[in-house]
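Undergrad: As input, take input30.cif (mmCIF, C-alpha atoms):
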```
data_final
#
loop_
_atom_site.group_PDB
_atom_site.id
_atom_site.type_symbol
_atom_site.label_atom_id
_atom_site.label_comp_id
_atom_site.auth_asym_id
_atom_site.auth_seq_id
_atom_site.Cartn_x
_atom_site.Cartn_y
_atom_site.Cartn_z
ATOM 1 C CA MET A 1 -49.661 -30.795 -5.656
ATOM 2 C CA SER A 2 -51.304 -28.254 -7.971
ATOM 3 C CA LYS A 3 -50.146 -24.652 -8.248
ATOM 4 C CA ALA A 4 -52.256 -22.026 -6.451
ATOM 5 C CA PRO A 5 -54.076 -19.569 -8.768
ATOM 6 C CA GLY A 6 -51.926 -16.539 -9.497
ATOM 7 C CA LYS A 7 -48.771 -18.112 -8.082
ATOM 8 C CA PRO A 8 -45.710 -17.689 -10.346
ATOM 9 C CA ASN A 9 -44.110 -20.717 -11.923
ATOM 10 C CA ARG A 10 -41.136 -21.961 -9.928
ATOM 11 C CA VAL A 11 -38.297 -22.710 -12.345
ATOM 12 C CA VAL A 12 -34.996 -24.530 -11.776
ATOM 13 C CA ILE A 13 -32.372 -23.346 -14.280
ATOM 14 C CA ALA A 14 -29.240 -25.493 -14.647
ATOM 15 C CA LEU A 15 -26.061 -24.003 -16.155
ATOM 16 C CA GLY A 16 -23.334 -26.332 -17.409
ATOM 17 C CA GLY A 17 -19.910 -26.089 -15.767
ATOM 18 C CA ASN A 18 -18.153 -25.965 -19.150
ATOM 19 C CA ALA A 19 -20.312 -22.968 -20.086
ATOM 20 C CA LEU A 20 -18.704 -21.039 -17.224
ATOM 21 C CA GLY A 21 -15.200 -21.061 -18.705
ATOM 22 C CA ASP A 22 -11.797 -22.305 -17.583
ATOM 23 C CA THR A 23 -10.475 -19.345 -15.564
ATOM 24 C CA PRO A 24 -11.992 -17.030 -12.939
ATOM 25 C CA GLU A 25 -11.726 -14.092 -15.356
ATOM 26 C CA GLU A 26 -13.478 -16.005 -18.148
ATOM 27 C CA GLN A 27 -16.151 -17.172 -15.710
ATOM 28 C CA ILE A 28 -16.873 -13.627 -14.534
ATOM 29 C CA ARG A 29 -17.266 -12.490 -18.145
ATOM 30 C CA ARG A 30 -19.553 -15.369 -19.075
ATOM 31 C CA VAL A 31 -21.861 -15.117 -16.065
ATOM 32 C CA ARG A 32 -22.163 -11.357 -16.623
ATOM 33 C CA GLU A 33 -23.250 -12.121 -20.191
ATOM 34 C CA ALA A 34 -25.741 -14.723 -18.917
ATOM 35 C CA ALA A 35 -27.264 -12.675 -16.081
ATOM 36 C CA PRO A 36 -29.617 -10.492 -18.208
ATOM 37 C CA THR A 37 -31.058 -13.653 -19.776
ATOM 38 C CA LEU A 38 -31.737 -15.111 -16.326
ATOM 39 C CA LEU A 39 -33.485 -11.912 -15.261
ATOM 40 C CA LYS A 40 -35.700 -12.065 -18.366
ATOM 41 C CA VAL A 41 -37.068 -15.369 -17.048
ATOM 42 C CA ILE A 42 -38.103 -13.600 -13.825
ATOM 43 C CA GLU A 43 -39.629 -10.732 -15.795
ATOM 44 C CA GLN A 44 -41.825 -13.311 -17.523
ATOM 45 C CA GLY A 45 -43.486 -13.883 -14.131
ATOM 46 C CA ASN A 46 -41.400 -16.791 -12.820
ATOM 47 C CA GLU A 47 -39.357 -17.325 -9.669
ATOM 48 C CA ILE A 48 -36.033 -19.035 -10.289
ATOM 49 C CA ILE A 49 -33.565 -21.339 -8.598
ATOM 50 C CA ILE A 50 -30.178 -21.552 -10.319
ATOM 51 C CA THR A 51 -27.925 -24.583 -10.239
ATOM 52 C CA HIS A 52 -24.682 -25.139 -12.112
ATOM 53 C CA GLY A 53 -22.052 -27.653 -13.098
ATOM 54 C CA ASN A 54 -18.552 -27.583 -11.634
ATOM 55 C CA GLY A 55 -16.528 -30.281 -13.391
ATOM 56 C CA PRO A 56 -13.758 -28.061 -14.816
ATOM 57 C CA GLN A 57 -13.684 -25.941 -11.651
ATOM 58 C CA VAL A 58 -13.317 -28.905 -9.264
ATOM 59 C CA GLY A 59 -10.541 -30.266 -11.467
ATOM 60 C CA MET A 60 -8.769 -26.906 -11.310
ATOM 61 C CA ILE A 61 -9.035 -26.793 -7.499
ATOM 62 C CA GLN A 62 -7.795 -30.375 -7.109
ATOM 63 C CA ASN A 63 -4.882 -29.821 -9.481
ATOM 64 C CA ALA A 64 -3.870 -26.646 -7.642
ATOM 65 C CA PHE A 65 -3.780 -28.405 -4.275
ATOM 66 C CA ALA A 66 -1.968 -31.413 -5.755
ATOM 67 C CA ALA A 67 0.699 -29.152 -7.269
ATOM 68 C CA ALA A 68 1.058 -27.223 -4.006
ATOM 69 C CA HIS A 69 1.341 -30.513 -2.126
ATOM 70 C CA ASP A 70 4.138 -31.701 -4.397
ATOM 71 C CA ALA A 71 5.922 -28.327 -4.361
ATOM 72 C CA ILE A 72 5.685 -27.144 -0.756
ATOM 73 C CA GLY A 73 3.818 -29.813 1.207
ATOM 74 C CA THR A 74 0.431 -28.104 1.351
ATOM 75 C CA PRO A 75 -2.133 -30.645 2.624
ATOM 76 C CA GLU A 76 -4.106 -32.358 -0.130
ATOM 77 C CA MET A 77 -7.763 -31.370 -0.299
ATOM 78 C CA PRO A 78 -10.493 -34.058 -0.155
ATOM 79 C CA LEU A 79 -13.062 -34.147 -2.953
ATOM 80 C CA PRO A 80 -16.083 -33.000 -0.843
ATOM 81 C CA GLU A 81 -14.171 -29.886 0.232
ATOM 82 C CA CYS A 82 -13.182 -29.184 -3.390
ATOM 83 C CA GLY A 83 -16.871 -29.375 -4.296
ATOM 84 C CA ALA A 84 -17.772 -26.960 -1.510
ATOM 85 C CA MET A 85 -15.069 -24.522 -2.652
ATOM 86 C CA SER A 86 -16.381 -24.603 -6.226
ATOM 87 C CA GLN A 87 -19.955 -23.984 -5.035
ATOM 88 C CA GLY A 88 -18.723 -21.000 -3.034
ATOM 89 C CA TYR A 89 -16.770 -19.167 -5.693
ATOM 90 C CA ILE A 90 -19.123 -19.958 -8.595
ATOM 91 C CA GLY A 91 -22.040 -18.800 -6.438
ATOM 92 C CA TYR A 92 -20.106 -15.639 -5.581
ATOM 93 C CA HIS A 93 -19.556 -14.846 -9.271
ATOM 94 C CA LEU A 94 -23.229 -15.520 -10.073
ATOM 95 C CA GLN A 95 -24.360 -13.310 -7.188
ATOM 96 C CA GLN A 96 -22.154 -10.463 -8.392
ATOM 97 C CA ALA A 97 -23.212 -10.838 -12.039
ATOM 98 C CA ILE A 98 -26.921 -11.002 -11.223
ATOM 99 C CA GLY A 99 -26.530 -8.098 -8.801
ATOM 100 C CA ALA A 100 -24.852 -5.966 -11.473
ATOM 101 C CA SER A 101 -27.566 -6.830 -13.989
ATOM 102 C CA MET A 102 -30.295 -6.021 -11.475
ATOM 103 C CA HIS A 103 -28.646 -2.687 -10.718
ATOM 104 C CA LYS A 104 -28.653 -1.743 -14.407
ATOM 105 C CA ALA A 105 -32.312 -2.767 -14.720
ATOM 106 C CA TYR A 106 -33.296 -0.919 -11.514
ATOM 107 C CA LYS A 107 -34.499 -4.147 -9.903
ATOM 108 C CA ARG A 108 -34.296 -4.664 -6.159
ATOM 109 C CA TRP A 109 -34.511 -8.422 -5.914
ATOM 110 C CA HIS A 110 -32.230 -10.432 -3.606
ATOM 111 C CA VAL A 111 -29.872 -13.275 -4.514
ATOM 112 C CA ALA A 112 -28.090 -15.801 -2.269
ATOM 113 C CA SER A 113 -26.054 -18.998 -2.646
ATOM 114 C CA VAL A 114 -26.525 -22.082 -0.488
ATOM 115 C CA VAL A 115 -23.625 -24.508 -0.094
ATOM 116 C CA THR A 116 -25.675 -27.642 -0.646
ATOM 117 C CA GLN A 117 -25.218 -31.198 0.586
ATOM 118 C CA ILE A 118 -27.120 -34.088 -0.997
ATOM 119 C CA GLU A 119 -27.687 -37.307 0.903
ATOM 120 C CA VAL A 120 -26.852 -40.518 -0.935
ATOM 121 C CA ASP A 121 -27.246 -44.166 0.040
ATOM 122 C CA PRO A 122 -23.962 -45.589 1.406
ATOM 123 C CA ASP A 123 -25.038 -48.944 -0.065
ATOM 124 C CA ASP A 124 -25.595 -47.501 -3.550
ATOM 125 C CA PRO A 125 -24.076 -50.009 -6.048
ATOM 126 C CA ALA A 126 -22.124 -47.106 -7.589
ATOM 127 C CA PHE A 127 -19.722 -47.216 -4.634
ATOM 128 C CA ARG A 128 -18.710 -50.754 -5.657
ATOM 129 C CA ASN A 129 -18.157 -49.683 -9.263
ATOM 130 C CA PRO A 130 -16.606 -46.200 -9.426
ATOM 131 C CA THR A 131 -16.717 -44.827 -12.981
ATOM 132 C CA LYS A 132 -16.506 -41.016 -12.808
ATOM 133 C CA PRO A 133 -13.012 -39.730 -13.780
ATOM 134 C CA ILE A 134 -11.685 -36.792 -11.766
ATOM 135 C CA GLY A 135 -8.396 -34.954 -11.434
ATOM 136 C CA ALA A 136 -5.282 -34.892 -13.575
ATOM 137 C CA PHE A 137 -3.905 -37.534 -15.954
ATOM 138 C CA LEU A 138 -1.101 -39.600 -14.381
ATOM 139 C CA THR A 139 1.547 -41.961 -15.651
ATOM 140 C CA LYS A 140 1.267 -45.608 -14.575
ATOM 141 C CA GLU A 141 4.082 -45.039 -12.102
ATOM 142 C CA GLN A 142 2.336 -42.009 -10.598
ATOM 143 C CA ALA A 143 -0.977 -43.863 -10.386
ATOM 144 C CA ASP A 144 0.690 -46.845 -8.689
ATOM 145 C CA ALA A 145 2.360 -44.522 -6.184
ATOM 146 C CA GLU A 146 -0.958 -42.801 -5.401
ATOM 147 C CA LYS A 147 -2.655 -46.181 -4.996
ATOM 148 C CA ALA A 148 0.074 -47.294 -2.603
ATOM 149 C CA ALA A 149 -0.363 -44.136 -0.535
ATOM 150 C CA HIS A 150 -4.187 -44.246 -0.711
ATOM 151 C CA PRO A 151 -5.367 -47.886 -1.005
ATOM 152 C CA GLU A 152 -9.017 -46.800 -0.935
ATOM 153 C CA MET A 153 -8.637 -44.972 -4.266
ATOM 154 C CA THR A 154 -9.223 -46.498 -7.714
ATOM 155 C CA PHE A 155 -7.282 -45.535 -10.868
ATOM 156 C CA VAL A 156 -8.028 -46.564 -14.447
ATOM 157 C CA GLU A 157 -6.420 -46.027 -17.842
ATOM 158 C CA ASP A 158 -8.347 -43.377 -19.785
ATOM 159 C CA SER A 159 -8.407 -43.696 -23.606
ATOM 160 C CA GLY A 160 -4.639 -43.898 -23.997
ATOM 161 C CA ARG A 161 -4.124 -40.506 -22.357
ATOM 162 C CA GLY A 162 -2.887 -41.784 -19.016
ATOM 163 C CA TYR A 163 -4.392 -42.911 -15.739
ATOM 164 C CA ARG A 164 -7.042 -41.047 -13.760
ATOM 165 C CA ARG A 165 -8.728 -41.537 -10.440
ATOM 166 C CA VAL A 166 -12.359 -42.658 -10.690
ATOM 167 C CA VAL A 167 -15.009 -42.168 -8.012
ATOM 168 C CA ALA A 168 -18.580 -43.298 -7.543
ATOM 169 C CA SER A 169 -21.545 -41.442 -9.037
ATOM 170 C CA PRO A 170 -24.416 -42.412 -6.687
ATOM 171 C CA GLU A 171 -28.078 -41.508 -7.126
ATOM 172 C CA PRO A 172 -29.092 -38.346 -5.206
ATOM 173 C CA LYS A 173 -31.745 -39.027 -2.560
ATOM 174 C CA LYS A 174 -32.356 -35.876 -0.502
ATOM 175 C CA ILE A 175 -31.245 -32.246 -0.471
ATOM 176 C CA VAL A 176 -30.132 -31.592 3.093
ATOM 177 C CA GLU A 177 -30.679 -27.818 2.869
ATOM 178 C CA TYR A 178 -34.002 -27.880 0.977
ATOM 179 C CA GLU A 179 -35.873 -26.154 3.832
ATOM 180 C CA SER A 180 -33.368 -23.286 3.786
ATOM 181 C CA ILE A 181 -33.787 -22.999 0.009
ATOM 182 C CA LEU A 182 -37.590 -22.938 0.347
ATOM 183 C CA ASN A 183 -37.357 -20.292 3.076
ATOM 184 C CA LEU A 184 -35.294 -18.051 0.803
ATOM 185 C CA LEU A 185 -37.724 -18.588 -2.079
ATOM 186 C CA ASP A 186 -40.660 -17.699 0.173
ATOM 187 C CA ASN A 187 -38.855 -14.456 0.988
ATOM 188 C CA GLN A 188 -38.441 -13.627 -2.710
ATOM 189 C CA PHE A 189 -34.769 -14.515 -3.117
ATOM 190 C CA ILE A 190 -33.163 -15.749 -6.307
ATOM 191 C CA VAL A 191 -31.443 -18.880 -4.977
ATOM 192 C CA ILE A 192 -28.249 -20.540 -6.249
ATOM 193 C CA ALA A 193 -28.005 -24.131 -4.979
ATOM 194 C CA CYS A 194 -26.836 -27.714 -5.633
ATOM 195 C CA GLY A 195 -23.747 -26.628 -7.579
ATOM 196 C CA GLY A 196 -22.052 -29.536 -9.338
ATOM 197 C CA GLY A 197 -24.933 -31.832 -8.405
ATOM 198 C CA GLY A 198 -24.415 -31.103 -4.697
ATOM 199 C CA ILE A 199 -21.837 -32.383 -2.211
ATOM 200 C CA PRO A 200 -22.500 -36.107 -1.626
ATOM 201 C CA VAL A 201 -22.947 -36.976 2.058
ATOM 202 C CA VAL A 202 -24.022 -40.046 4.041
ATOM 203 C CA ARG A 203 -25.309 -40.531 7.560
ATOM 204 C CA ASP A 204 -22.624 -41.561 10.057
ATOM 205 C CA TYR A 205 -24.476 -43.516 12.736
ATOM 206 C CA ARG A 206 -21.274 -43.818 14.739
ATOM 207 C CA ASP A 207 -21.697 -40.060 15.211
ATOM 208 C CA LYS A 208 -25.438 -39.999 16.053
ATOM 209 C CA GLY A 209 -26.456 -39.850 12.400
ATOM 210 C CA ALA A 210 -24.485 -36.706 11.533
ATOM 211 C CA TYR A 211 -23.647 -36.182 7.868
ATOM 212 C CA LYS A 212 -20.153 -36.777 6.512
ATOM 213 C CA GLY A 213 -18.830 -36.152 3.024
ATOM 214 C CA VAL A 214 -17.890 -39.004 0.698
ATOM 215 C CA ALA A 215 -15.533 -39.074 -2.291
ATOM 216 C CA ALA A 216 -18.139 -39.204 -5.043
ATOM 217 C CA VAL A 217 -19.657 -37.042 -7.773
ATOM 218 C CA ILE A 218 -23.404 -36.667 -8.327
ATOM 219 C CA ASP A 219 -24.539 -36.179 -11.905
ATOM 220 C CA LYS A 220 -25.332 -32.457 -12.118
ATOM 221 C CA ASP A 221 -28.462 -32.969 -14.226
ATOM 222 C CA MET A 222 -29.913 -35.484 -11.765
ATOM 223 C CA GLY A 223 -28.969 -33.132 -8.919
ATOM 224 C CA GLY A 224 -30.894 -30.371 -10.688
ATOM 225 C CA GLU A 225 -33.844 -32.734 -11.179
ATOM 226 C CA LEU A 226 -33.942 -33.529 -7.444
ATOM 227 C CA LEU A 227 -33.708 -29.805 -6.689
ATOM 228 C CA GLY A 228 -36.789 -29.322 -8.850
ATOM 229 C CA GLU A 229 -38.689 -32.077 -7.050
ATOM 230 C CA ASP A 230 -37.675 -31.137 -3.495
ATOM 231 C CA CYS A 231 -38.399 -27.441 -4.065
ATOM 232 C CA ASP A 232 -41.781 -28.064 -5.754
ATOM 233 C CA ALA A 233 -40.724 -26.565 -9.095
ATOM 234 C CA ASP A 234 -43.014 -26.491 -12.115
ATOM 235 C CA VAL A 235 -40.313 -26.303 -14.795
ATOM 236 C CA LEU A 236 -36.774 -27.691 -15.072
ATOM 237 C CA VAL A 237 -34.579 -25.880 -17.612
ATOM 238 C CA LEU A 238 -31.320 -27.615 -18.573
ATOM 239 C CA LEU A 239 -29.126 -25.199 -20.529
ATOM 240 C CA THR A 240 -26.432 -26.459 -22.854
ATOM 241 C CA ALA A 241 -24.557 -25.443 -26.018
ATOM 242 C CA VAL A 242 -27.325 -26.223 -28.530
ATOM 243 C CA ASP A 243 -30.818 -24.844 -29.106
ATOM 244 C CA HIS A 244 -32.538 -28.233 -29.334
ATOM 245 C CA VAL A 245 -32.126 -31.911 -28.554
ATOM 246 C CA ALA A 246 -31.653 -33.763 -31.857
ATOM 247 C CA ILE A 247 -31.892 -37.301 -33.146
ATOM 248 C CA ASN A 248 -29.442 -38.588 -35.770
ATOM 249 C CA PHE A 249 -27.142 -35.817 -34.545
ATOM 250 C CA GLY A 250 -24.480 -34.768 -37.055
ATOM 251 C CA LYS A 251 -25.980 -36.863 -39.863
ATOM 252 C CA PRO A 252 -27.696 -35.655 -43.056
ATOM 253 C CA ASP A 253 -31.071 -36.644 -41.602
ATOM 254 C CA GLN A 254 -30.550 -34.862 -38.260
ATOM 255 C CA LYS A 255 -33.881 -33.797 -36.768
ATOM 256 C CA ASP A 256 -34.267 -31.174 -34.052
ATOM 257 C CA LEU A 257 -36.943 -32.053 -31.508
ATOM 258 C CA GLU A 258 -39.284 -29.308 -30.307
ATOM 259 C CA GLU A 259 -41.666 -31.281 -28.063
ATOM 260 C CA ILE A 260 -41.652 -34.947 -27.062
ATOM 261 C CA ASN A 261 -43.427 -36.968 -24.404
ATOM 262 C CA VAL A 262 -41.627 -39.241 -21.958
ATOM 263 C CA GLU A 263 -42.429 -42.397 -23.942
ATOM 264 C CA GLU A 264 -40.822 -40.945 -27.068
ATOM 265 C CA ALA A 265 -37.845 -39.742 -25.020
ATOM 266 C CA LYS A 266 -37.359 -43.200 -23.482
ATOM 267 C CA LYS A 267 -37.459 -44.790 -26.947
ATOM 268 C CA TYR A 268 -34.764 -42.429 -28.236
ATOM 269 C CA VAL A 269 -32.597 -43.160 -25.164
ATOM 270 C CA GLU A 270 -32.936 -46.913 -25.778
ATOM 271 C CA GLU A 271 -31.895 -46.365 -29.409
ATOM 272 C CA GLY A 272 -28.713 -44.636 -28.209
ATOM 273 C CA GLN A 273 -29.624 -41.370 -29.934
ATOM 274 C CA PHE A 274 -27.917 -39.157 -27.340
ATOM 275 C CA GLY A 275 -24.306 -38.803 -26.184
ATOM 276 C CA LYS A 276 -23.652 -40.792 -23.004
ATOM 277 C CA GLY A 277 -21.692 -38.022 -21.324
ATOM 278 C CA SER A 278 -23.514 -35.048 -22.801
ATOM 279 C CA MET A 279 -27.161 -35.094 -23.890
ATOM 280 C CA GLU A 280 -28.334 -38.459 -22.547
ATOM 281 C CA PRO A 281 -28.076 -37.470 -18.835
ATOM 282 C CA LYS A 282 -30.117 -34.352 -19.575
ATOM 283 C CA VAL A 283 -32.849 -36.297 -21.347
ATOM 284 C CA LYS A 284 -32.966 -38.861 -18.525
ATOM 285 C CA ALA A 285 -33.272 -36.073 -15.945
ATOM 286 C CA GLY A 286 -36.020 -34.498 -18.063
ATOM 287 C CA ILE A 287 -37.937 -37.790 -18.182
ATOM 288 C CA LYS A 288 -37.729 -38.237 -14.406
ATOM 289 C CA PHE A 289 -38.871 -34.680 -13.734
ATOM 290 C CA ALA A 290 -41.783 -34.778 -16.204
ATOM 291 C CA GLU A 291 -42.988 -38.078 -14.712
ATOM 292 C CA SER A 292 -42.722 -36.876 -11.098
ATOM 293 C CA ARG A 293 -45.939 -34.820 -11.065
ATOM 294 C CA PRO A 294 -48.701 -34.008 -13.557
ATOM 295 C CA GLY A 295 -48.071 -30.765 -15.429
ATOM 296 C CA ARG A 296 -44.309 -30.640 -14.938
ATOM 297 C CA VAL A 297 -42.176 -29.778 -17.969
ATOM 298 C CA CYS A 298 -38.455 -30.063 -18.687
ATOM 299 C CA ILE A 299 -36.934 -27.756 -21.284
ATOM 300 C CA ILE A 300 -33.499 -28.413 -22.796
ATOM 301 C CA GLY A 301 -31.974 -25.549 -24.770
ATOM 302 C CA SER A 302 -29.196 -22.993 -25.072
ATOM 303 C CA LEU A 303 -28.239 -20.418 -22.461
ATOM 304 C CA ASP A 304 -28.599 -17.395 -24.739
ATOM 305 C CA LYS A 305 -32.163 -18.424 -25.623
ATOM 306 C CA ALA A 306 -33.356 -19.323 -22.131
ATOM 307 C CA ALA A 307 -36.130 -16.712 -22.129
ATOM 308 C CA GLU A 308 -37.274 -17.790 -25.602
ATOM 309 C CA ALA A 309 -37.301 -21.421 -24.423
ATOM 310 C CA MET A 310 -39.507 -20.491 -21.466
ATOM 311 C CA ALA A 311 -41.887 -18.779 -23.917
ATOM 312 C CA GLY A 312 -42.008 -21.892 -26.128
ATOM 313 C CA LEU A 313 -40.036 -20.287 -28.966
ATOM 314 C CA SER A 314 -36.873 -22.383 -28.640
ATOM 315 C CA GLY A 315 -35.584 -25.513 -26.943
ATOM 316 C CA THR A 316 -36.930 -29.052 -26.586
ATOM 317 C CA ARG A 317 -39.838 -29.609 -24.188
ATOM 318 C CA ILE A 318 -40.288 -32.987 -22.480
ATOM 319 C CA THR A 319 -43.777 -33.572 -21.087
ATOM 320 C CA ALA A 320 -45.620 -36.504 -19.540
#
```
Go through the file and emit its structure as structure tokens.
TA:
Amino acid sequence: MSKAPGKPNRVVIALGGNALGDTPEEQIRRVREAAPTLLKVIEQGNEIIITHGNGPQVGMIQNAFAAAHDAIGTPEMPLPECGAMSQGYIGYHLQQAIGASMHKAYKRWHVASVVTQIEVDPDDPAFRNPTKPIGAFLTKEQADAEKAAHPEMTFVEDSGRGYRRVVASPEPKKIVEYESILNLLDNQFIVIACGGGGIPVVRDYRDKGAYKGVAAVIDKDMGGELLGEDCDADVLVLLTAVDHVAINFGKPDQKDLEEINVEEAKKYVEEGQFGKGSMEPKVKAGIKFAESRPGRVCIIGSLDKAAEAMAGLSGTRITA
């Protein structure tokens, strides 16, 4: 689908969960610092959808409920509900920060968060091989006790630091609320959606095909990529701690990349140039997005230079 003449670019901007801080107070400060940069992207003539990570925040919520369970018997909280809670309060902080920034700039735009479910395939091979660590570190005795109480859970030893629960990381297939997101965009809202990659859900055909949550974690970059596809975005911006993607990172011959095509990006991935848990998922999401429709671009760069990246003055651009 080609963009209508005069129509603004639709841009998905993904913020990393670690960039939001470790406490509510730190998160409020950081999103207030980020909000003016996000508004600059709109002032460039774009409409934006914001998504965000939630790894540290979900861990904090789970640990709080686990501690309360051990101390006073508070019911434990399932992972899908922890994801929904993180989407709610991170969205709330983003709404307030963007609202405050708009007020200072005398802008009268609207902003809203959508608690977002993402459908996954219940037969995804990831469910047979859970690999995503979540929650607190446990001793072997604690892990064995949890396994005895919850036989469906899987625990693995993590780099000599203790045992952690691991869950599946299935491929995202469909954003359940994409029509609601599109409706808000059509009514000129800044939309916050798909936090943490979205809440994984499957169809329960014992309940007439209704959705039910599953204990899994969707990669946040691939969730942002699907958000871009389902909402007909032109640009996917993945914001991280560095200004550019680099090859030979940390070596004397490190080279920052300004623009690469998908074939070059695939070659670098095959060479193992990018960190498995950091930059590689972003590059893979960028490849998928750039290949999904002619003219689409993924930009990977730093949060404080988001506007410069949109203008082509910073960041790494991945094109078809």
Undergrad: At what distance in Å, to one decimal, does atom CA of Gln142 of chain A lie from atom CA of Gly160 of chain A?
TA: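 Result for atom CA of Gly160 of chain A versus atom CA of Gln142 of chain A: 15.2 Å, one decimal.
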Undergrad: Please return as an mmCIF file with C-alpha atoms, in the coordinates of the input every residue within 7 Å of (-31.1, -31.4, -16.9), taking into account all atoms listed in the file and the file's own coordinates.
TA:
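Written out: part22.cif:
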```cif
data_model
loop_
_atom_site.group_PDB
_atom_site.id
_atom_site.type_symbol
_atom_site.label_atom_id
_atom_site.label_comp_id
_atom_site.auth_asym_id
_atom_site.auth_seq_id
_atom_site.Cartn_x
_atom_site.Cartn_y
_atom_site.Cartn_z
ATOM 1 C CA ALA A 14 -29.240 -25.493 -14.647
ATOM 2 C CA ASP A 221 -28.462 -32.969 -14.226
ATOM 3 C CA MET A 222 -29.913 -35.484 -11.765
ATOM 4 C CA GLY A 224 -30.894 -30.371 -10.688
ATOM 5 C CA GLU A 225 -33.844 -32.734 -11.179
ATOM 6 C CA VAL A 237 -34.579 -25.880 -17.612
ATOM 7 C CA LEU A 238 -31.320 -27.615 -18.573
ATOM 8 C CA LYS A 282 -30.117 -34.352 -19.575
ATOM 9 C CA VAL A 283 -32.849 -36.297 -21.347
ATOM 10 C CA ALA A 285 -33.272 -36.073 -15.945
ATOM 11 C CA GLY A 286 -36.020 -34.498 -18.063
#
```
Undergrad: Please identify all polymer residues within 12 Å of Asp123 of chain A, counting all atoms listed in the file, omitting same-chain residues fewer than 5 positions from it, and present them as a list of chain:residue names.
TA: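 The residues that qualify are A:Arg128, A:Asn129, A:Ala168, A:Pro170, A:Glu171, A:Val202, A:Arg203.
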Undergrad: Evaluate the PyMOL selection byres ((chain A and resi 287-290) around 8) against this structure - the residues, as number ranges by chain, please.
TA: A: 225, 228-229, 236, 262, 265-266, 283-286, 291-298, 318-320
Undergrad: Quote the spacing between atom CA of Ala67 of chain A and atom CA of Thr139 of chain A in Å to one decimal place.
TA: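 Taking atom CA of Ala67 of chain A as the start and atom CA of Thr139 of chain A as the end point, the length is 15.3 Å.
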Undergrad: Do you have the atom CA of Val235 of chain A-atom CA of Gln27 of chain A distance handy?
TA: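 Interatomic distance, atom CA of Val235 of chain A to atom CA of Gln27 of chain A: 25.8 Å.
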Undergrad: Using only C-alpha atoms, which protein or nucleic acid residues come within 12 Å of Arg161 of chain A? Drop anything in the same chain fewer than 2 positions from it, and give the result as number ranges by chain.
TA: A: 136-140, 156-159, 163-164
